[in-house]
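J.: The following block contains the structure, expressed as structure tokens.
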Amino acid sequence: MTVATTATLPPALSSRLSTFFYLRPRLLLALFLLPPLLWLGIVYLGSLFALLAQSFFQLDDFTGQVVYKPTIANYVRLMGAVNLSIIGRTVAMAAIVTLISGLVAFPIAYYMARYATGKMKALFYVAVMLPLWSNYLVRVYSWRLILAKEGVIHWAFNKVGLSGVLDWVLSLPVVEGSSLSTSYIGTCTTFVYIWLPYMILPLQAALERVPRSFIEASSDLGARPGQTFRKVIFPLAVPGVAAGSIFTFSLTLGDYIIPQLIGSSRPFIGQAVYQFQGTAGDIPMAAAFAMAPIVIMAVYLSIAKRFGAFDAL
Amino acid sequence: MRSSAALAADRATPKAGLGLTAGAWFAVLFLNLPILFIILYGFTTDEQSYTFPPPDLTTRWFGVTFGRADFWHALGLSVSVALFAMISALILGTLAAAAMYRFRFFGKEVVTLLILLPIALPGIVTGISLRAAFDLANIPFSYWTIVAGHATFCIVVVYNNAIARLRRSSPALIEASMDLGANSLQTFRHVILPNLATALLAGGMLAFALSFDEIIVTTFTAGQQETLPIWMFKELIRPHQRPVTNVAAIIVMAITFVPILLAYYLTRDTQDVAGSGK
């Protein structure tokens with residue numbers, strides 16, 4: 001058999017190599033898999049183990065030096081009321097942000113997947129991607145400006161004479177803040193804004209994979225549009241929602257910039273880790289605190305996996 | 001294989017309901033109106049706080065920003081870190097995707113999880129882990145500690161793009177190539193690689209963008225080095241010349257607008273076929 005040789009390698013060597021690897025698939029697998037596995041294994045897993053190890057050391061308050069002797073003192077401190085309330089607050093925020101992101105993302109994802117074509121589709125795509133690609137910090141900061149007392153929302157409420165309503169909302173328990181930019185509403189809005197594209201994209205991809213014939217079959221069999229949505233489209237979109245929710249939940253859990261710039265001064269997990277590491281120089285305590293989001297995400301991922309999230313990432 | 005006429009009829013899209021259209025446009029406006037504010041405040045004359053409406057408009061912040069050496073230095077560092085992170089991620093991500101697509105092996109699920117973990121766990125975990133490891137191993141912070149952190153979470157982006165394309169491409173193409181007498185290296189070069197190229201380009205650009213904009217991991221892995229986001233954070237906290245950060249953001253947006261459109265057109269063909277299941 002003759003081989004049309006347009007490859008750069010001389011034919012003999014090229015086919016010898018090809019045969020060599022064909023006969024030794026395990027070797028080829030090792031060649032493919034080893035570099036990424038070594039990198040992730042050493043740099044990433046290694047670091048996670050270093051984190052775990054550090055969390056069992058302790059900072060000596062007098063000398064400011066880390067004492068490398070195993071102790072669970074950091075975890076005892078982590079279980080204190082203040083730290084637990086930080087964790088609780090962060091998880092609640094992450095859950096609410098995820099829920100709202102899902103609700104806001106669904107219409108646009110569905111519209112993009114089913115109805116937008118050609119130029120319109122490109123426009124929607126750019127509208128979702130542009131925020132994702134523009135600077136994260138400046139977007140957060142622009143929300144601080146929008147939500148501030150002298151910002152556009154308070155200004156608009158004033159113009160139409162509804163500032164009483166806004167003040168009433170801001171005086172509600174839990175929300176409580178002197179302006180939107182110092183209340184939980186502001187923090188939550190900004191989180192939803194920043195992570196929304198991460199929900200839209202996997203959701204849109206999942207919806208796009210729903211075969212049109214399924215929907216036609218459903219309506220041929222007499223289902224009303226609402227029923228088709230509930231019984232056919234939504235169940236098939238669940239992996240996409242689950243995949244998107246991993247991002248919105250996880251990113252909210254670890255962010256320390258947004259709650260620092262927008263919201264009440266009550267801290268979130270990210271801020272606690274950042275402050276222990278930076279201001280206090282207490283890496284062991286920061287490490288122990290970082291175990292909280294890891295454990296929470298482990299539980300979350302195992303749930304999301306059941307909904308098929310990993311196939312829709 | 002269906003005829004193109006049948007496909008065209010299939011694509012004749014029905015009209016969306018009013019509620020759905022309104023919901024979709026709400027999200028578009030919600031996502032993009034704040035960007036208009038970023039642009040607006042790049043032109044304000046008010047340099048200490050941002051009042052609405054701005055007292056007056058000016059273009060002088062563009063001159064101020066262009067004249068700041070620290071801005072160019074931070075921009076240069078960010079571009080170079082992002083390039084290195086992107087290249088590492090392209091190599092490692094593509095290899096991983098090839099292995100996961102081509103082979104079935106013991107522990108495959110664990111490997112998938114390991115690849116996904118850096119984006120499934122919050123950035124602060126990656127950041128503090130690397131920080132803890134550098135501390136234990138006595139590695140001083142440098143340019144390379146930043147790159148190592150960025151490359152780690154960029155691998156998965158390339159991997160996702162590459163494996164999605166591999167799963168969508170028809171195995172018949174590869175079989176045909178082999179049947180026609182090409183060996184596996186030739187098949188890779190002439191069939192698989194051209195098929196994969198646009199997905200890799202899109203994945204690479206996304207990796208670049210992620211690295212370029214990253215601040216949380218960077219804070220924990222950079223010593224005195226100032227990437228663009230870190231420079232901006234410092235500028236935002238300073239009480240003077242605040243619009244400079246807005247101008248920097250506008251410049252970055254103007255530069256990234258083209259690659260977004262490009263990435264869309266590169267991956268579009270495989271995405272917009274409804275029902276093209278994996």
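Quick note on naming: the chains in the structure tokens go A, B, ... in the order shown, residues restart at 1 in each chain, and ligands are numbered from 1 in order of appearance.
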Neighbours of region 110-116 of chain B within 10 Å (only C-alpha atoms; same-chain residues fewer than 5 positions away dropped), as an NGL selection string?

T.: (:A and (33 or 36-37 or 40-41 or 44-45 or 301 or 310 or 313)) or (:B and (93 or 96-97 or 100 or 121 or 152-153 or 155-157 or 159-160))

J.: May I have all residues of region 48-249 of chain B that DSSP, computed from the backbone, assigns to alpha helix (DSSP H), given as a PyMOL selection string?

T.: chain B and resi 60-66+69-102+108-120+123-137+143-168+171-179+184-187+193-213+216-221+228-237+243-249

J.: Taking 5 positions as the minimum chain separation for residues in the same chain, which residues sit within 9 Å of Leu130 (chain B) when counting only C-alpha atoms? Answer as a ChimeraX atom specification.

T.: /A:43-44,46-48,50-51 /B:125,135,145,149,217,220-221

J.: Save the residues we just selected, N, CA and C atoms, as a PDB file, in the first residue's frame?

T.:
```pdb
ATOM      1  N   VAL A  43       1.965  20.997  41.333  1.00  0.00           N
ATOM      2  CA  VAL A  43       1.694  22.395  41.660  1.00  0.00           C
ATOM      3  C   VAL A  43       0.370  22.543  42.407  1.00  0.00           C
ATOM      4  N   TYR A  44      -0.683  21.884  41.904  1.00  0.00           N
ATOM      5  CA  TYR A  44      -1.993  22.140  42.503  1.00  0.00           C
ATOM      6  C   TYR A  44      -2.269  21.256  43.722  1.00  0.00           C
ATOM      7  N   GLY A  46      -0.181  19.398  45.320  1.00  0.00           N
ATOM      8  CA  GLY A  46       0.895  19.633  46.277  1.00  0.00           C
ATOM      9  C   GLY A  46       0.595  20.839  47.143  1.00  0.00           C
ATOM     10  N   SER A  47       0.115  21.909  46.495  1.00  0.00           N
ATOM     11  CA  SER A  47      -0.225  23.117  47.246  1.00  0.00           C
ATOM     12  C   SER A  47      -1.380  22.873  48.204  1.00  0.00           C
ATOM     13  N   LEU A  48      -2.363  22.090  47.730  1.00  0.00           N
ATOM     14  CA  LEU A  48      -3.496  21.810  48.619  1.00  0.00           C
ATOM     15  C   LEU A  48      -3.023  21.039  49.860  1.00  0.00           C
ATOM     16  N   ALA A  50       0.001  21.243  51.099  1.00  0.00           N
ATOM     17  CA  ALA A  50       0.736  22.228  51.895  1.00  0.00           C
ATOM     18  C   ALA A  50      -0.236  23.042  52.737  1.00  0.00           C
ATOM     19  N   LEU A  51      -1.386  23.360  52.134  1.00  0.00           N
ATOM     20  CA  LEU A  51      -2.413  24.116  52.848  1.00  0.00           C
ATOM     21  C   LEU A  51      -2.913  23.328  54.054  1.00  0.00           C
TER      22      LEU A  51
ATOM     23  N   VAL B 125      -8.854  29.748  47.380  1.00  0.00           N
ATOM     24  CA  VAL B 125      -8.261  28.476  47.822  1.00  0.00           C
ATOM     25  C   VAL B 125      -6.976  28.207  47.039  1.00  0.00           C
ATOM     26  N   ASP B 135       5.543  29.151  51.022  1.00  0.00           N
ATOM     27  CA  ASP B 135       6.046  29.431  52.360  1.00  0.00           C
ATOM     28  C   ASP B 135       6.789  28.223  52.928  1.00  0.00           C
ATOM     29  N   THR B 145       6.212  32.668  39.966  1.00  0.00           N
ATOM     30  CA  THR B 145       5.172  32.203  40.886  1.00  0.00           C
ATOM     31  C   THR B 145       3.800  32.691  40.402  1.00  0.00           C
ATOM     32  N   GLY B 149       0.674  30.087  39.135  1.00  0.00           N
ATOM     33  CA  GLY B 149      -0.695  30.185  39.633  1.00  0.00           C
ATOM     34  C   GLY B 149      -1.693  30.326  38.498  1.00  0.00           C
ATOM     35  N   VAL B 217      -5.929  35.252  42.911  1.00  0.00           N
ATOM     36  CA  VAL B 217      -4.779  34.356  43.004  1.00  0.00           C
ATOM     37  C   VAL B 217      -3.479  35.170  42.972  1.00  0.00           C
ATOM     38  N   PHE B 220      -1.966  36.582  46.141  1.00  0.00           N
ATOM     39  CA  PHE B 220      -1.284  35.648  47.028  1.00  0.00           C
ATOM     40  C   PHE B 220       0.039  35.149  46.467  1.00  0.00           C
ATOM     41  N   THR B 221       0.260  35.320  45.152  1.00  0.00           N
ATOM     42  CA  THR B 221       1.462  34.735  44.549  1.00  0.00           C
ATOM     43  C   THR B 221       2.437  35.784  44.022  1.00  0.00           C
TER      44      THR B 221
END
```

J.: Nearest residue to chain A out of B:Ala85, B:Ala176, B:Ala69, B:Leu29, using only C-alpha atoms?

T.: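 Among B:Ala85, B:Ala176, B:Ala69, B:Leu29, it is B:Leu29 that comes nearest to chain A.
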
J.: List as a PyMOL selection string the protein and nucleic acid residues near region 268-281 of chain A, meaning an atom at most 10 Å away when only C-alpha atoms are counted, but skip any in the same chain fewer than 2 places from it.

T.: (chain A and resi 59+64-66+83-91+93+252-260+265-266+283-290+292-293) or (chain B and resi 122-125+127-128+131-132+216+219-220)

J.: Choose the residue, out of B:Leu266, B:Cys154, B:Met232, B:Leu57, that has the smallest atom-to-atom separation from Ala197 (chain B); count only C-alpha atoms.

T.: B:Leu266

J.: Report as an MDAnalysis selection string all protein, DNA and RNA residues lying within 12 Å of Val147 (chain B), evaluated on only C-alpha atoms, omitting residues in the same chain fewer than 3 positions from it.

T.: (chainID A and resid 43) or (chainID B and resid 77:89 130 141:144 150:154 208 211:212 214 217:218 221:222 225 227)

J.: Take the selection from the previous step and output its residues with N, CA and C atoms, as an mmCIF file, in the first residue's frame.

T.:
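See out-v3.cif below for the written result:
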```cif
data_model
loop_
_atom_site.group_PDB
_atom_site.id
_atom_site.type_symbol
_atom_site.label_atom_id
_atom_site.label_comp_id
_atom_site.auth_asym_id
_atom_site.auth_seq_id
_atom_site.Cartn_x
_atom_site.Cartn_y
_atom_site.Cartn_z
ATOM 1 N N VAL A 43 1.965 20.997 41.333
ATOM 2 C CA VAL A 43 1.694 22.395 41.660
ATOM 3 C C VAL A 43 0.370 22.543 42.407
ATOM 4 N N LEU B 77 3.554 43.761 32.121
ATOM 5 C CA LEU B 77 3.691 42.569 32.966
ATOM 6 C C LEU B 77 2.484 41.652 32.789
ATOM 7 N N SER B 78 1.278 42.247 32.772
ATOM 8 C CA SER B 78 0.068 41.438 32.637
ATOM 9 C C SER B 78 0.045 40.700 31.304
ATOM 10 N N VAL B 79 0.418 41.388 30.225
ATOM 11 C CA VAL B 79 0.425 40.757 28.908
ATOM 12 C C VAL B 79 1.414 39.595 28.901
ATOM 13 N N SER B 80 2.604 39.808 29.485
ATOM 14 C CA SER B 80 3.606 38.753 29.420
ATOM 15 C C SER B 80 3.230 37.561 30.296
ATOM 16 N N VAL B 81 2.673 37.823 31.488
ATOM 17 C CA VAL B 81 2.206 36.721 32.336
ATOM 18 C C VAL B 81 1.100 35.946 31.627
ATOM 19 N N ALA B 82 0.155 36.678 31.029
ATOM 20 C CA ALA B 82 -0.980 36.032 30.366
ATOM 21 C C ALA B 82 -0.508 35.194 29.183
ATOM 22 N N LEU B 83 0.502 35.675 28.451
ATOM 23 C CA LEU B 83 1.013 34.908 27.313
ATOM 24 C C LEU B 83 1.625 33.586 27.782
ATOM 25 N N PHE B 84 2.442 33.661 28.826
ATOM 26 C CA PHE B 84 3.066 32.436 29.347
ATOM 27 C C PHE B 84 2.025 31.464 29.890
ATOM 28 N N ALA B 85 1.069 32.014 30.636
ATOM 29 C CA ALA B 85 0.018 31.159 31.205
ATOM 30 C C ALA B 85 -0.768 30.505 30.076
ATOM 31 N N MET B 86 -1.039 31.280 29.017
ATOM 32 C CA MET B 86 -1.823 30.770 27.896
ATOM 33 C C MET B 86 -1.075 29.645 27.191
ATOM 34 N N ILE B 87 0.217 29.851 26.941
ATOM 35 C CA ILE B 87 0.988 28.833 26.222
ATOM 36 C C ILE B 87 1.077 27.549 27.049
ATOM 37 N N SER B 88 1.364 27.674 28.351
ATOM 38 C CA SER B 88 1.416 26.471 29.199
ATOM 39 C C SER B 88 0.073 25.770 29.191
ATOM 40 N N ALA B 89 -0.998 26.564 29.314
ATOM 41 C CA ALA B 89 -2.334 25.972 29.370
ATOM 42 C C ALA B 89 -2.676 25.287 28.050
ATOM 43 N N LEU B 130 -1.207 27.984 47.180
ATOM 44 C CA LEU B 130 0.104 28.270 46.594
ATOM 45 C C LEU B 130 0.958 29.059 47.588
ATOM 46 N N PHE B 141 8.760 34.900 46.080
ATOM 47 C CA PHE B 141 7.813 35.331 45.050
ATOM 48 C C PHE B 141 8.570 35.892 43.859
ATOM 49 N N SER B 142 8.047 35.614 42.669
ATOM 50 C CA SER B 142 8.679 36.154 41.475
ATOM 51 C C SER B 142 7.656 36.170 40.361
ATOM 52 N N TYR B 143 8.123 36.570 39.205
ATOM 53 C CA TYR B 143 7.329 36.505 37.981
ATOM 54 C C TYR B 143 6.789 35.089 37.778
ATOM 55 N N TRP B 144 7.651 34.086 38.046
ATOM 56 C CA TRP B 144 7.269 32.705 37.751
ATOM 57 C C TRP B 144 6.241 32.166 38.730
ATOM 58 N N HIS B 150 -1.383 31.213 37.549
ATOM 59 C CA HIS B 150 -2.316 31.462 36.452
ATOM 60 C C HIS B 150 -2.470 30.245 35.544
ATOM 61 N N ALA B 151 -1.339 29.609 35.214
ATOM 62 C CA ALA B 151 -1.406 28.463 34.306
ATOM 63 C C ALA B 151 -2.299 27.374 34.891
ATOM 64 N N THR B 152 -2.256 27.198 36.215
ATOM 65 C CA THR B 152 -3.016 26.138 36.864
ATOM 66 C C THR B 152 -4.516 26.248 36.604
ATOM 67 N N PHE B 153 -5.054 27.487 36.721
ATOM 68 C CA PHE B 153 -6.501 27.560 36.495
ATOM 69 C C PHE B 153 -6.856 27.790 35.032
ATOM 70 N N CYS B 154 -5.843 28.025 34.169
ATOM 71 C CA CYS B 154 -6.126 28.214 32.738
ATOM 72 C C CYS B 154 -6.212 26.886 31.979
ATOM 73 N N PHE B 208 -6.095 33.470 28.107
ATOM 74 C CA PHE B 208 -5.377 34.743 28.166
ATOM 75 C C PHE B 208 -6.198 35.778 28.942
ATOM 76 N N SER B 211 -6.381 35.081 32.729
ATOM 77 C CA SER B 211 -5.135 35.434 33.397
ATOM 78 C C SER B 211 -4.973 36.948 33.468
ATOM 79 N N PHE B 212 -5.319 37.620 32.376
ATOM 80 C CA PHE B 212 -5.137 39.066 32.273
ATOM 81 C C PHE B 212 -5.941 39.807 33.334
ATOM 82 N N GLU B 214 -7.088 38.446 36.276
ATOM 83 C CA GLU B 214 -7.102 37.767 37.564
ATOM 84 C C GLU B 214 -6.440 38.622 38.656
ATOM 85 N N VAL B 217 -5.929 35.252 42.911
ATOM 86 C CA VAL B 217 -4.779 34.356 43.004
ATOM 87 C C VAL B 217 -3.479 35.170 42.972
ATOM 88 N N THR B 218 -3.473 36.206 42.119
ATOM 89 C CA THR B 218 -2.260 37.018 41.973
ATOM 90 C C THR B 218 -1.841 37.673 43.286
ATOM 91 N N THR B 221 0.260 35.320 45.152
ATOM 92 C CA THR B 221 1.462 34.735 44.549
ATOM 93 C C THR B 221 2.437 35.784 44.022
ATOM 94 N N ALA B 222 2.079 37.072 44.122
ATOM 95 C CA ALA B 222 2.983 38.118 43.641
ATOM 96 C C ALA B 222 3.624 38.802 44.831
ATOM 97 N N GLN B 225 5.627 42.536 42.506
ATOM 98 C CA GLN B 225 5.214 42.693 41.111
ATOM 99 C C GLN B 225 3.802 43.259 41.043
ATOM 100 N N THR B 227 0.725 43.447 38.571
ATOM 101 C CA THR B 227 0.008 43.207 37.314
ATOM 102 C C THR B 227 -1.032 44.310 37.179
#
```

J.: Excluding region 39-47 of chain B and its own-chain neighbours fewer than 4 positions away, which residues fall within 8 Å of it when counting only C-alpha atoms? Please give them as a PDB file with N, CA and C atoms, in the first residue's frame.

T.:
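Dumped to around-v3.pdb:
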```pdb
ATOM      1  N   ILE B  35     -21.292  49.043  32.045  1.00  0.00           N
ATOM      2  CA  ILE B  35     -20.101  49.319  31.232  1.00  0.00           C
ATOM      3  C   ILE B  35     -20.163  50.733  30.681  1.00  0.00           C
ATOM      4  N   THR B  51     -19.690  61.592  41.274  1.00  0.00           N
ATOM      5  CA  THR B  51     -21.083  61.971  41.468  1.00  0.00           C
ATOM      6  C   THR B  51     -21.841  61.779  40.162  1.00  0.00           C
ATOM      7  N   PRO B  54     -22.132  63.582  36.235  1.00  0.00           N
ATOM      8  CA  PRO B  54     -20.801  64.173  36.372  1.00  0.00           C
ATOM      9  C   PRO B  54     -20.870  65.683  36.163  1.00  0.00           C
ATOM     10  N   PRO B  55     -20.093  66.459  36.923  1.00  0.00           N
ATOM     11  CA  PRO B  55     -20.151  67.914  36.807  1.00  0.00           C
ATOM     12  C   PRO B  55     -19.819  68.404  35.395  1.00  0.00           C
ATOM     13  N   ASP B  56     -18.805  67.803  34.774  1.00  0.00           N
ATOM     14  CA  ASP B  56     -18.453  68.207  33.415  1.00  0.00           C
ATOM     15  C   ASP B  56     -17.654  67.069  32.778  1.00  0.00           C
ATOM     16  N   LEU B  57     -17.461  67.177  31.456  1.00  0.00           N
ATOM     17  CA  LEU B  57     -16.745  66.112  30.762  1.00  0.00           C
ATOM     18  C   LEU B  57     -15.417  66.616  30.205  1.00  0.00           C
ATOM     19  N   THR B  58     -14.424  65.719  30.193  1.00  0.00           N
ATOM     20  CA  THR B  58     -13.106  66.097  29.700  1.00  0.00           C
ATOM     21  C   THR B  58     -12.402  64.866  29.126  1.00  0.00           C
ATOM     22  N   THR B  59     -11.433  65.073  28.256  1.00  0.00           N
ATOM     23  CA  THR B  59     -10.667  63.939  27.738  1.00  0.00           C
ATOM     24  C   THR B  59      -9.252  63.918  28.306  1.00  0.00           C
ATOM     25  N   ARG B  60      -9.007  64.746  29.328  1.00  0.00           N
ATOM     26  CA  ARG B  60      -7.626  64.884  29.773  1.00  0.00           C
ATOM     27  C   ARG B  60      -7.091  63.635  30.459  1.00  0.00           C
ATOM     28  N   TRP B  61      -7.986  62.746  30.966  1.00  0.00           N
ATOM     29  CA  TRP B  61      -7.520  61.543  31.669  1.00  0.00           C
ATOM     30  C   TRP B  61      -6.818  60.581  30.723  1.00  0.00           C
ATOM     31  N   PRO B 239      -7.014  58.483  46.562  1.00  0.00           N
ATOM     32  CA  PRO B 239      -8.078  59.466  46.374  1.00  0.00           C
ATOM     33  C   PRO B 239      -7.911  60.392  45.164  1.00  0.00           C
ATOM     34  N   HIS B 240      -6.782  60.338  44.458  1.00  0.00           N
ATOM     35  CA  HIS B 240      -6.611  61.249  43.322  1.00  0.00           C
ATOM     36  C   HIS B 240      -6.724  60.517  41.994  1.00  0.00           C
ATOM     37  N   GLN B 241      -7.004  61.291  40.975  1.00  0.00           N
ATOM     38  CA  GLN B 241      -6.945  60.810  39.588  1.00  0.00           C
ATOM     39  C   GLN B 241      -7.689  59.487  39.397  1.00  0.00           C
ATOM     40  N   ARG B 242      -8.831  59.340  40.054  1.00  0.00           N
ATOM     41  CA  ARG B 242      -9.540  58.072  39.948  1.00  0.00           C
ATOM     42  C   ARG B 242      -9.937  57.712  38.513  1.00  0.00           C
ATOM     43  N   PRO B 243     -10.328  58.702  37.680  1.00  0.00           N
ATOM     44  CA  PRO B 243     -10.740  58.333  36.318  1.00  0.00           C
ATOM     45  C   PRO B 243      -9.652  57.606  35.524  1.00  0.00           C
ATOM     46  N   VAL B 244      -8.405  57.673  35.987  1.00  0.00           N
ATOM     47  CA  VAL B 244      -7.327  56.969  35.296  1.00  0.00           C
ATOM     48  C   VAL B 244      -7.634  55.472  35.190  1.00  0.00           C
ATOM     49  N   THR B 245      -8.194  54.878  36.259  1.00  0.00           N
ATOM     50  CA  THR B 245      -8.526  53.455  36.205  1.00  0.00           C
ATOM     51  C   THR B 245      -9.621  53.186  35.179  1.00  0.00           C
ATOM     52  N   ASN B 246     -10.560  54.134  35.050  1.00  0.00           N
ATOM     53  CA  ASN B 246     -11.608  53.966  34.046  1.00  0.00           C
ATOM     54  C   ASN B 246     -11.022  54.000  32.644  1.00  0.00           C
ATOM     55  N   VAL B 247     -10.076  54.929  32.436  1.00  0.00           N
ATOM     56  CA  VAL B 247      -9.434  55.014  31.126  1.00  0.00           C
ATOM     57  C   VAL B 247      -8.696  53.706  30.830  1.00  0.00           C
ATOM     58  N   ILE B 250     -11.149  51.212  29.805  1.00  0.00           N
ATOM     59  CA  ILE B 250     -11.647  51.464  28.451  1.00  0.00           C
ATOM     60  C   ILE B 250     -10.640  50.952  27.421  1.00  0.00           C
TER      61      ILE B 250
END
```

J.: Considering only C-alpha atoms, tabulate each residue of region 27-79 of chain B that lies at most 12 Å from region 118-126 of chain A along with its nearest interatomic pair and the corresponding distance in Å to one decimal; arrange the rows by chain and ascending residue number and present them as a tab-separated table.

T.:
```
residue	atom	partner	partner_atom	distance
B:Ala27	CA	A:Phe124	CA	9.9
B:Val28	CA	A:Phe124	CA	7.3
B:Leu29	CA	A:Phe124	CA	10.7
B:Leu31	CA	A:Val126	CA	10.7
B:Asn32	CA	A:Val126	CA	10.1
```

J.: Got a sec: who's within 8 Å of region 173-190 of chain A, counting only C-alpha atoms, leaving out chain neighbours fewer than 6 positions off, as a ChimeraX atom specification?

T.: /A:93,96-97,140,143-145,147-149,258-259,262-265

J.: Return the single residue from B:Pro140, B:Gly63, B:Gly17, B:Gly23 that is closest to chain A, with distances computed using only C-alpha atoms.

T.: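 The closest residue to chain A is B:Gly23.
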
J.: Between B:Leu33, B:Val158, B:Ala16, B:Leu193, which has the minimum distance to chain A (counting only C-alpha atoms)?

T.: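 When distances to chain A are compared using only C-alpha atoms, the smallest one comes from B:Ala16.
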
J.: Measuring between only C-alpha atoms, which one of A:Phe229, A:Phe56, A:Phe62, A:Trp39 shows the shortest distance to chain B?

T.: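 Smallest distance to chain B is found for A:Trp39.
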
J.: What is the CA of Arg139 (chain A) to CA of Met253 (chain B) distance in Å?

T.: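 For CA of Arg139 (chain A) relative to CA of Met253 (chain B), the distance reads 11.4 Å.
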
J.: Have a look at CA of Ala242 (chain A) and CA of Ala309 (chain A) and let me know their distance in Å, one decimal.

T.: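 Between CA of Ala242 (chain A) and CA of Ala309 (chain A) the gap works out to 4.9 Å.
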
J.: Go through A:Ser302, A:Ser55, A:Ser219, A:Ser134 and flag the residue nearest chain B, using only C-alpha atoms for the distances.

T.: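 With only C-alpha atoms as the atom set, the closest residue is A:Ser134.
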